[in-house]
Structures are given as C-alpha cells and as structure tokens.
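Text of the file final32.cif, holding mmCIF, C-alpha atoms:
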```
data_upload
#
loop_
_atom_site.label_atom_id
_atom_site.label_comp_id
_atom_site.auth_asym_id
_atom_site.auth_seq_id
_atom_site.Cartn_x
_atom_site.Cartn_y
_atom_site.Cartn_z
CA MET C 1 0.00 0.00 0.00
CA SER C 2 1.43 3.33 -1.00
CA ASP C 3 0.38 6.94 -0.80
CA ALA C 4 0.11 7.00 -4.60
CA GLU C 5 -2.26 4.01 -4.56
CA THR C 6 -4.41 5.62 -1.86
CA LYS C 7 -4.42 8.96 -3.70
CA SER C 8 -5.48 7.18 -6.89
CA GLU C 9 -8.39 5.49 -5.10
CA LEU C 10 -9.46 8.81 -3.54
CA ASP C 11 -9.27 10.49 -6.96
CA LYS C 12 -11.59 7.80 -8.38
CA ILE C 13 -14.11 8.46 -5.60
CA ILE C 14 -14.01 12.22 -6.27
CA LYS C 15 -14.25 11.70 -10.04
CA LYS C 16 -17.42 9.67 -9.50
CA LEU C 17 -18.91 12.61 -7.55
CA LYS C 18 -17.94 15.04 -10.32
CA ASP C 19 -19.54 12.76 -12.92
CA GLU C 20 -22.77 12.49 -10.89
CA LEU C 21 -22.95 16.26 -10.40
CA SER C 22 -22.10 17.05 -14.02
CA VAL C 23 -25.26 15.39 -15.33
CA MET C 24 -27.58 17.11 -12.85
CA ARG C 25 -30.08 19.06 -14.88
CA ILE C 26 -29.91 22.58 -13.49
CA GLY C 27 -31.59 24.45 -16.32
CA ARG C 28 -28.27 25.12 -17.98
CA ALA C 29 -27.66 23.34 -21.27
CA SER C 30 -24.95 20.69 -21.37
CA ALA C 31 -24.05 18.13 -24.02
CA MET C 32 -23.45 15.55 -21.25
CA ILE C 33 -27.16 15.52 -20.45
CA VAL C 34 -28.04 14.06 -23.85
CA GLU C 35 -24.90 12.40 -25.23
CA ASN C 36 -25.61 8.96 -23.71
CA ILE C 37 -29.32 8.78 -24.57
CA PRO C 38 -29.83 5.49 -26.46
CA VAL C 39 -31.21 5.99 -29.97
CA GLU C 40 -32.38 3.28 -32.35
CA TYR C 41 -30.06 3.49 -35.35
CA TYR C 42 -30.45 0.96 -38.16
CA GLY C 43 -31.82 -1.70 -35.84
CA SER C 44 -29.48 -1.29 -32.87
CA MET C 45 -29.37 1.03 -29.88
CA VAL C 46 -26.44 3.47 -29.84
CA PRO C 47 -25.62 6.53 -27.72
CA LEU C 48 -26.68 9.82 -29.33
CA ARG C 49 -23.08 11.08 -29.41
CA GLN C 50 -22.17 8.26 -31.86
CA ILE C 51 -24.65 9.33 -34.53
CA SER C 52 -24.64 13.11 -34.30
CA THR C 53 -22.74 16.26 -33.49
CA ILE C 54 -23.87 17.85 -30.23
CA SER C 55 -23.14 21.50 -29.54
CA VAL C 56 -24.17 24.06 -26.94
CA PRO C 57 -24.52 27.49 -28.59
CA ASP C 58 -25.71 29.17 -25.38
CA ALA C 59 -26.64 28.42 -21.77
CA ARG C 60 -30.22 27.44 -22.61
CA MET C 61 -29.90 25.42 -25.83
CA VAL C 62 -28.40 22.16 -27.09
CA PHE C 63 -28.12 21.76 -30.85
CA ILE C 64 -28.05 18.20 -32.28
CA ASN C 65 -27.03 17.71 -35.88
CA PRO C 66 -27.43 14.03 -36.91
CA TRP C 67 -25.01 12.59 -39.43
CA SER C 68 -27.89 10.83 -41.14
CA LYS C 69 -31.11 12.83 -41.62
CA GLU C 70 -33.09 9.54 -41.64
CA SER C 71 -32.33 9.16 -37.92
CA LEU C 72 -33.87 12.54 -37.02
CA ASN C 73 -37.27 11.15 -35.97
CA ASP C 74 -35.62 8.38 -33.91
CA ILE C 75 -33.50 11.00 -32.13
CA VAL C 76 -36.57 13.11 -31.31
CA LYS C 77 -38.40 10.00 -30.07
CA ALA C 78 -35.45 8.96 -27.87
CA ILE C 79 -35.08 12.44 -26.35
CA SER C 80 -38.83 12.63 -25.70
CA SER C 81 -38.82 9.26 -23.94
CA ALA C 82 -35.80 10.31 -21.84
CA ASN C 83 -38.12 12.75 -20.03
CA LEU C 84 -35.63 15.60 -19.76
CA GLY C 85 -38.25 18.29 -19.32
CA VAL C 86 -36.99 20.28 -22.30
CA SER C 87 -38.79 21.64 -25.31
CA ILE C 88 -37.77 19.89 -28.53
CA ALA C 89 -37.75 21.63 -31.92
CA ASN C 90 -37.18 19.53 -35.07
CA ASP C 91 -36.49 21.72 -38.11
CA GLY C 92 -36.11 18.84 -40.58
CA SER C 93 -32.33 18.72 -40.51
CA SER C 94 -31.44 19.18 -36.85
CA VAL C 95 -32.91 19.13 -33.35
CA LYS C 96 -32.83 22.00 -30.88
CA LEU C 97 -33.44 21.43 -27.18
CA VAL C 98 -34.40 24.47 -25.13
CA PHE C 99 -33.87 24.28 -21.36
CA ALA C 100 -36.15 26.34 -19.15
CA PRO C 101 -34.66 27.70 -15.93
CA PRO C 102 -35.71 25.68 -12.87
CA SER C 103 -37.96 27.18 -10.23
CA GLU C 104 -36.60 28.21 -6.83
CA GLU C 105 -38.15 25.07 -5.30
CA ARG C 106 -36.50 22.84 -7.92
CA ARG C 107 -33.11 24.48 -7.29
CA LYS C 108 -33.45 23.76 -3.57
CA ASP C 109 -34.30 20.12 -4.38
CA LEU C 110 -31.22 19.94 -6.62
CA ILE C 111 -29.07 21.24 -3.77
CA LYS C 112 -30.49 18.53 -1.47
CA ILE C 113 -29.66 15.86 -4.06
CA MET C 114 -26.18 17.34 -4.51
CA ARG C 115 -25.57 17.26 -0.74
CA GLN C 116 -26.73 13.63 -0.59
CA ASN C 117 -24.21 12.77 -3.33
CA MET C 118 -21.50 14.64 -1.41
CA GLU C 119 -22.34 12.73 1.78
CA LYS C 120 -22.15 9.39 -0.09
CA THR C 121 -18.74 10.45 -1.34
CA LYS C 122 -17.56 11.34 2.16
CA VAL C 123 -18.78 7.94 3.43
CA ALA C 124 -16.81 6.23 0.64
CA ILE C 125 -13.72 8.23 1.66
CA ARG C 126 -14.16 7.22 5.32
CA PHE C 127 -14.60 3.59 4.30
CA LEU C 128 -11.39 3.72 2.27
CA ARG C 129 -9.55 5.36 5.18
CA GLU C 130 -10.63 2.58 7.56
CA LYS C 131 -9.61 -0.09 5.05
CA LYS C 132 -6.16 1.49 4.67
CA ARG C 133 -5.81 1.91 8.45
CA GLU C 134 -6.52 -1.78 8.92
CA GLU C 135 -3.85 -2.61 6.34
CA ILE C 136 -1.34 -0.43 8.22
CA LYS C 137 -2.23 -2.01 11.57
CA SER C 138 -1.95 -5.47 10.07
CA LYS C 139 1.53 -4.71 8.71
CA GLU C 140 2.62 -3.44 12.12
CA LYS C 141 1.15 -6.49 13.85
CA ASN C 142 3.01 -8.79 11.44
CA LYS C 143 6.23 -6.88 12.17
CA GLU C 144 6.51 -5.68 8.55
CA ILE C 145 6.73 -2.06 9.74
CA SER C 146 7.71 -0.42 13.02
CA GLU C 147 5.33 1.39 15.36
CA ASP C 148 6.84 4.72 14.33
CA GLU C 149 6.30 3.83 10.67
CA LYS C 150 2.67 2.91 11.47
CA PHE C 151 2.08 6.35 13.00
CA ARG C 152 3.79 8.09 10.07
CA ARG C 153 1.67 6.17 7.54
CA GLU C 154 -1.54 6.87 9.48
CA LYS C 155 -0.65 10.58 9.58
CA ASP C 156 0.04 10.59 5.81
CA LEU C 157 -3.22 8.74 5.21
CA GLN C 158 -5.16 11.29 7.26
CA LYS C 159 -3.55 14.13 5.25
CA LEU C 160 -4.75 12.53 2.00
CA VAL C 161 -8.25 12.01 3.44
CA ASP C 162 -8.43 15.62 4.68
CA GLU C 163 -7.35 16.84 1.25
CA ALA C 164 -10.03 14.70 -0.44
CA ASN C 165 -12.75 15.91 1.94
CA ASN C 166 -11.67 19.50 1.33
CA ASN C 167 -11.89 18.86 -2.41
CA VAL C 168 -15.43 17.47 -1.99
CA GLY C 169 -16.40 20.62 -0.10
CA GLN C 170 -15.01 22.88 -2.83
CA ILE C 171 -16.81 20.91 -5.53
CA GLY C 172 -20.06 21.21 -3.56
CA GLU C 173 -19.67 24.96 -3.04
CA ALA C 174 -19.02 25.51 -6.76
CA LYS C 175 -22.00 23.35 -7.77
CA GLU C 176 -24.32 25.06 -5.27
CA LYS C 177 -23.27 28.45 -6.65
CA GLU C 178 -23.89 27.17 -10.19
CA ILE C 179 -27.35 25.87 -9.25
CA MET C 180 -28.40 29.09 -7.55
CA THR C 181 -27.04 31.32 -10.36
CA ILE C 182 -29.73 31.19 -13.00
#
```
Translate this structure into structure tokens?
Amino acid sequence: MSDAETKSELDKIIKKLKDELSVMRIGRASAMIVENIPVEYYGSMVPLRQISTISVPDARMVFINPWSKESLNDIVKAISSANLGVSIANDGSSVKLVFAPPSEERRKDLIKIMRQNMEKTKVAIRFLREKKREEIKSKEKNKEISEDEKFRREKDLQKLVDEANNNVGQIGEAKEKEIMTI
C-alpha cells in the first residue's frame, strides 16, 4: 500500500462525484445531459453522441445535428422518452433542445440531491480510510513495519483524506453556486 495508490483510489471516488454532479439538470444546457441517450439506429441502440454532433450554442440550448437525416425522428423519439423536461424543436435537418430555468423550489431540491451525493462520497472516503488503516495495523502487527512507521503512515493517510474531503467541499460549493445562479 502506498500513498500513490491511496491517492489514486481517492481520486476515483471524487471523479465519481464530479460525474454524478455534471449530469444534474440545473436548467443550464450541457451536451453531457443528452450524449448517452440510447437511440435506435439501423436496428441497434447506440448513444446519441455516436450518430450526431452535439453543440451548446448558449446556456439554454443544445443543438443536435445528426449525421444521417433519416435518424432525425428516432432521435426526437429517444429524447422525448428520456423525459428531460426540455422543449424539442425539429427543423427537418437538426434538433434544438431548449432548457427552461428551474424554479426556486426545484433548485433547492437539486441542492439537497447534490448534498446527498456529497455525503455518499464522504462515506466512501471514510470507508477507504478505515480499510487502509486496517492494512497499516496489520503490517505493524506482522512486524513488517515499526510502530513509528505505522504512526507516520496513518498521519500521511489522514492528510490525504483531509485533502479529499476539502476537495469534496469545494466541488459542492461551486456546484451550489452554479445551481443558484440562473
């Protein structure tokens, strides 16, 4: 067990939080909200990003330009069934999605969901810390490391955990600011 290994595991936990928060629909357009929607394309289901170009011209609109115009109706159908709560405009060659700003109540609900995700992340960090602490104690018990080395490793581990928790807090503050700024 090394600090680099622990840091890598903590980074994976934080990346998962970032991924979960990035797809939260906050009334601001984002290609990530639609890029993985499965669309029927010549008999098989494929993610939207594999059959079209997705762009975000402004904060309220996503523009989808399919590579094959025959797939336009299937794209509209898939987006409609995804229940995104957006208005869909099909102009015959492309699809425009218009995002309405969420209400104050919806923004507060989004903040609650965000905080729940942050808490799950902090629990995962604590779980990892305990697992690593047990590994350190086991090595000391088996005389692989000295008592002083055990304390040094535990201190280093706690530093990494504190850094990760601080990072989670900063991510949460930034997301809350983004949600409330509409």
Discussion item. Using only C-alpha atoms, can you tell me which of C:Lys120, C:Pro102, C:Ala164, C:Glu154 comes closest to C:Glu140?
Written reply: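 Closest candidate: C:Glu154.
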Discussion item. Evaluate the PyMOL selection byres ((chain C and resi 88) around 9) against this structure - the residues, as a PyMOL selection string, please.
Written reply: chain C and resi 76+79-80+86-87+89-90+95-98
Discussion item. Which residues, named as in the file, does the PyMOL selection byres ((chain C and resi 56) around 12) pick out? Answer as an MDAnalysis selection string.
Written reply: chainID C and resid 28:35 53:55 57:65 95:99
Discussion item. Under the PyMOL selection byres ((chain C and resi 119) around 12), which residues of this model are included? Write them out as a list of chain:residue names.
Written reply: C:Ile13, C:Ile14, C:Leu17, C:Lys112, C:Ile113, C:Met114, C:Arg115, C:Gln116, C:Asn117, C:Met118, C:Lys120, C:Thr121, C:Lys122, C:Val123, C:Ala124, C:Ile125, C:Arg126, C:Asn165, C:Val168, C:Gly169, C:Gly172
Item to complete: In Å, rounded to a single decimal, give me how far atom CA of C:Glu134 is from atom CA of C:Phe151.
Response: 12.5 Å
Discussion item. Using Å and a single decimal, report how far atom CA of C:Ala82 sits from atom CA of C:Ser52.
Written reply: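 Rounded to one decimal, the two atoms are 17.0 Å apart.
Residue nearest C:Lys159 within the list C:Val39, C:Leu10, C:Ile179, C:Leu84: C:Leu10 [criterion: smallest interatomic distance, all atoms listed in the file].
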Discussion item. Quick one: residues within 12 Å of C:Ser44, only C-alpha atoms, excluding same-chain residues fewer than 5 positions away - as a PyMOL selection string?
Written reply: chain C and resi 38-39+51+71+74
Item to complete: Quote the spacing between atom CA of C:Glu104 and atom CA of C:Met24 in Å to one decimal place.
Response: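 Rounded to one decimal, the two atoms are 15.5 Å apart.
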Discussion item. Show me, as a ChimeraX atom specification, the residues that have an atom within 10 Å of C:Leu157 when counting only C-alpha atoms, minus same-chain residues fewer than 5 positions from it.
Written reply: /C:2-3,6-7,129-130,132-133,136,151-152,162-163
Worksheet item: Within 10 Å of C:Asn167, counting all atoms listed in the file, which residues qualify if same-chain residues fewer than 6 places away don't, as a VMD selection string?
Response: chain C and resid 11 14 161 173
Practice prompt. Rank nothing, just name the residue among C:Asn83, C:Met45, C:Ser94, C:Lys175 nearest to C:Trp67, using only C-alpha atoms.
Written response: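 Once distances to C:Trp67 are computed over only C-alpha atoms, the minimum belongs to C:Ser94.
Counting all atoms listed in the file and comparing C:Ser8, C:Ala78, C:Glu149, C:Ala100, the residue that lies closest to C:Val46 is C:Ala78.
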Box for stretch 173-182 of chain C - axis-aligned, 3 Å on each of the six sides, all listed atoms - centre and size in Å to one decimal, as AutoDock Vina command-line options.
```
--center_x -24.4 --center_y 27.3 --center_z -8.0 --size_x 16.7 --size_y 14.0 --size_z 16.0
```
